[in-house]
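Engineer: Sharing a structure with you now.
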Amino acid sequence: MKTGKVKFFNENKGFGFILEDESKEEIFVHSSGLVDKVRENDEVEYDTTQGRNGLNAINVKKVQE
C-alpha cells in the first residue's frame with residue numbers, strides 16, 4: 001500500500017486529492033474509493049488503479065495514530 005496525506009477533499013462533490021509521500025504526486029480520490037471518512041491533512045494509506053484521466057486512489061484508510 002502507498003501512503004500520503006489528504007491535500008483536499010470536498011464531501012459535497014465526493015472527490016479530492018491525496019499527496020503521495022514518496023513521489024509527491026497528486027492522486028485523485030473519489031468517495032467510492034474510501035474505506036474511512038477522510039478530511040484534509042489526514043494521513044492515509046491506499047492502493048491505486050488506472051482511471052480515465054490517470055491514477056485513482058482506492059481502498060483509502062486513515063492511518064491510526
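Chain labels run A, B, ... following the order of the C-alpha cells; each chain numbers its residues from 1, and ligands are numbered from 1 in the order shown.
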Excluding Asp36 of chain A and any residue of its chain fewer than 4 positions from it, enumerate the residues within 7 Å of it, using only C-alpha atoms, and give them as a ChimeraX atom specification.
Structural biologist: /A:60-62
Engineer: Put those residues in a file: N, CA and C atoms, as a compact mmCIF listing (two decimals), in the first residue's frame.
Structural biologist:
# COMPACT_ATOMS: atom_id res chain seq x y z
N VAL A 60 -8.97 3.52 0.44
CA VAL A 60 -8.32 4.58 1.23
C VAL A 60 -8.73 4.45 2.70
N LYS A 61 -7.72 4.28 3.56
CA LYS A 61 -7.95 4.14 5.00
C LYS A 61 -7.09 5.15 5.75
N LYS A 62 -7.64 5.71 6.82
CA LYS A 62 -6.86 6.59 7.67
C LYS A 62 -5.82 5.77 8.41
Engineer: Using only C-alpha atoms, which residues sit within 6 Å of Leu19 of chain A once same-chain residues fewer than 5 positions away are excluded, as a short mmCIF file (atom, residue, chain, number, x, y, z; two decimals) with C-alpha atoms, in the first residue's frame?
Structural biologist:
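So part_29.cif came out as:
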data_model
loop_
_atom_site.label_atom_id
_atom_site.label_comp_id
_atom_site.auth_asym_id
_atom_site.auth_seq_id
_atom_site.Cartn_x
_atom_site.Cartn_y
_atom_site.Cartn_z
CA GLY A 4 0.10 10.02 1.70
CA LYS A 5 -1.78 12.98 3.10
CA LYS A 7 -4.48 17.54 0.31
CA LYS A 24 4.79 13.99 -4.06
CA GLU A 25 2.35 13.26 -6.91
CA GLU A 26 -1.33 14.21 -6.55
#
Engineer: Give the strand (DSSP E or B) residues of segment 5-65 of chain A, as assigned by DSSP on the backbone, as a ChimeraX atom specification.
Structural biologist: /A:5-10,15-20,26-30,34,43-51,54-62
Engineer: If we count only C-alpha atoms and set the cut-off at 12 Å, which residues sit around segment 55-58 of chain A, ignoring sequence neighbours fewer than 5 positions away in its own chain? Please answer as a PDB file with C-alpha atoms, in the first residue's frame.
Structural biologist:
ATOM      1  CA  MET A   1       0.000   0.000   0.000  1.00  0.00           C
ATOM      2  CA  LYS A   2       1.061   3.561  -0.636  1.00  0.00           C
ATOM      3  CA  THR A   3       0.910   6.346   1.945  1.00  0.00           C
ATOM      4  CA  GLY A   4       0.103  10.019   1.701  1.00  0.00           C
ATOM      5  CA  LYS A   5      -1.780  12.981   3.097  1.00  0.00           C
ATOM      6  CA  VAL A   6      -5.197  14.219   2.020  1.00  0.00           C
ATOM      7  CA  PHE A  15     -13.840  13.788  -4.520  1.00  0.00           C
ATOM      8  CA  GLY A  16     -10.427  15.134  -3.622  1.00  0.00           C
ATOM      9  CA  PHE A  17      -6.691  14.582  -3.920  1.00  0.00           C
ATOM     10  CA  ILE A  18      -4.029  12.768  -1.927  1.00  0.00           C
ATOM     11  CA  LEU A  19      -0.409  13.941  -1.972  1.00  0.00           C
ATOM     12  CA  GLU A  20       1.682  10.765  -2.190  1.00  0.00           C
ATOM     13  CA  GLU A  25       2.351  13.258  -6.909  1.00  0.00           C
ATOM     14  CA  GLU A  26      -1.333  14.213  -6.554  1.00  0.00           C
ATOM     15  CA  ILE A  27      -3.611  11.172  -6.749  1.00  0.00           C
ATOM     16  CA  PHE A  28      -7.340  11.614  -7.434  1.00  0.00           C
ATOM     17  CA  VAL A  29      -9.702  10.055  -4.885  1.00  0.00           C
ATOM     18  CA  HIS A  30     -13.455   9.584  -5.273  1.00  0.00           C
ATOM     19  CA  SER A  31     -15.788   8.894  -2.347  1.00  0.00           C
ATOM     20  CA  SER A  32     -16.434   5.408  -3.803  1.00  0.00           C
ATOM     21  CA  GLY A  33     -12.755   4.578  -3.110  1.00  0.00           C
ATOM     22  CA  LEU A  34     -12.944   5.416   0.606  1.00  0.00           C
ATOM     23  CA  VAL A  35     -12.979   2.845   3.394  1.00  0.00           C
ATOM     24  CA  ASP A  36     -12.851   5.538   6.123  1.00  0.00           C
ATOM     25  CA  VAL A  44      -3.877   7.748   4.727  1.00  0.00           C
ATOM     26  CA  GLU A  45      -2.801   4.505   3.094  1.00  0.00           C
ATOM     27  CA  TYR A  46      -4.268   3.331  -0.189  1.00  0.00           C
ATOM     28  CA  ASP A  47      -3.933   1.322  -3.367  1.00  0.00           C
ATOM     29  CA  THR A  48      -4.125   2.792  -6.862  1.00  0.00           C
ATOM     30  CA  THR A  49      -5.898   1.830 -10.045  1.00  0.00           C
ATOM     31  CA  GLN A  50      -5.762   3.329 -13.514  1.00  0.00           C
TER      32      GLN A  50
END
Engineer: Hey, can you check how far atom CA of Phe9 of chain A sits from atom CA of Lys37 of chain A?
Structural biologist: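 Going from atom CA of Phe9 of chain A over to atom CA of Lys37 of chain A covers 10.2 Å.
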Engineer: Would you mind reading off the distance between atom CA of Val38 of chain A and atom CA of Ser23 of chain A, one decimal, in Å?
Structural biologist: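 Pair atom CA of Val38 of chain A / atom CA of Ser23 of chain A returns 20.9 Å.
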Engineer: In Å, how far is it from atom CA of Glu40 of chain A to atom CA of Gln64 of chain A?
Structural biologist: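 Separation between atom CA of Glu40 of chain A and atom CA of Gln64 of chain A: 15.4 Å.
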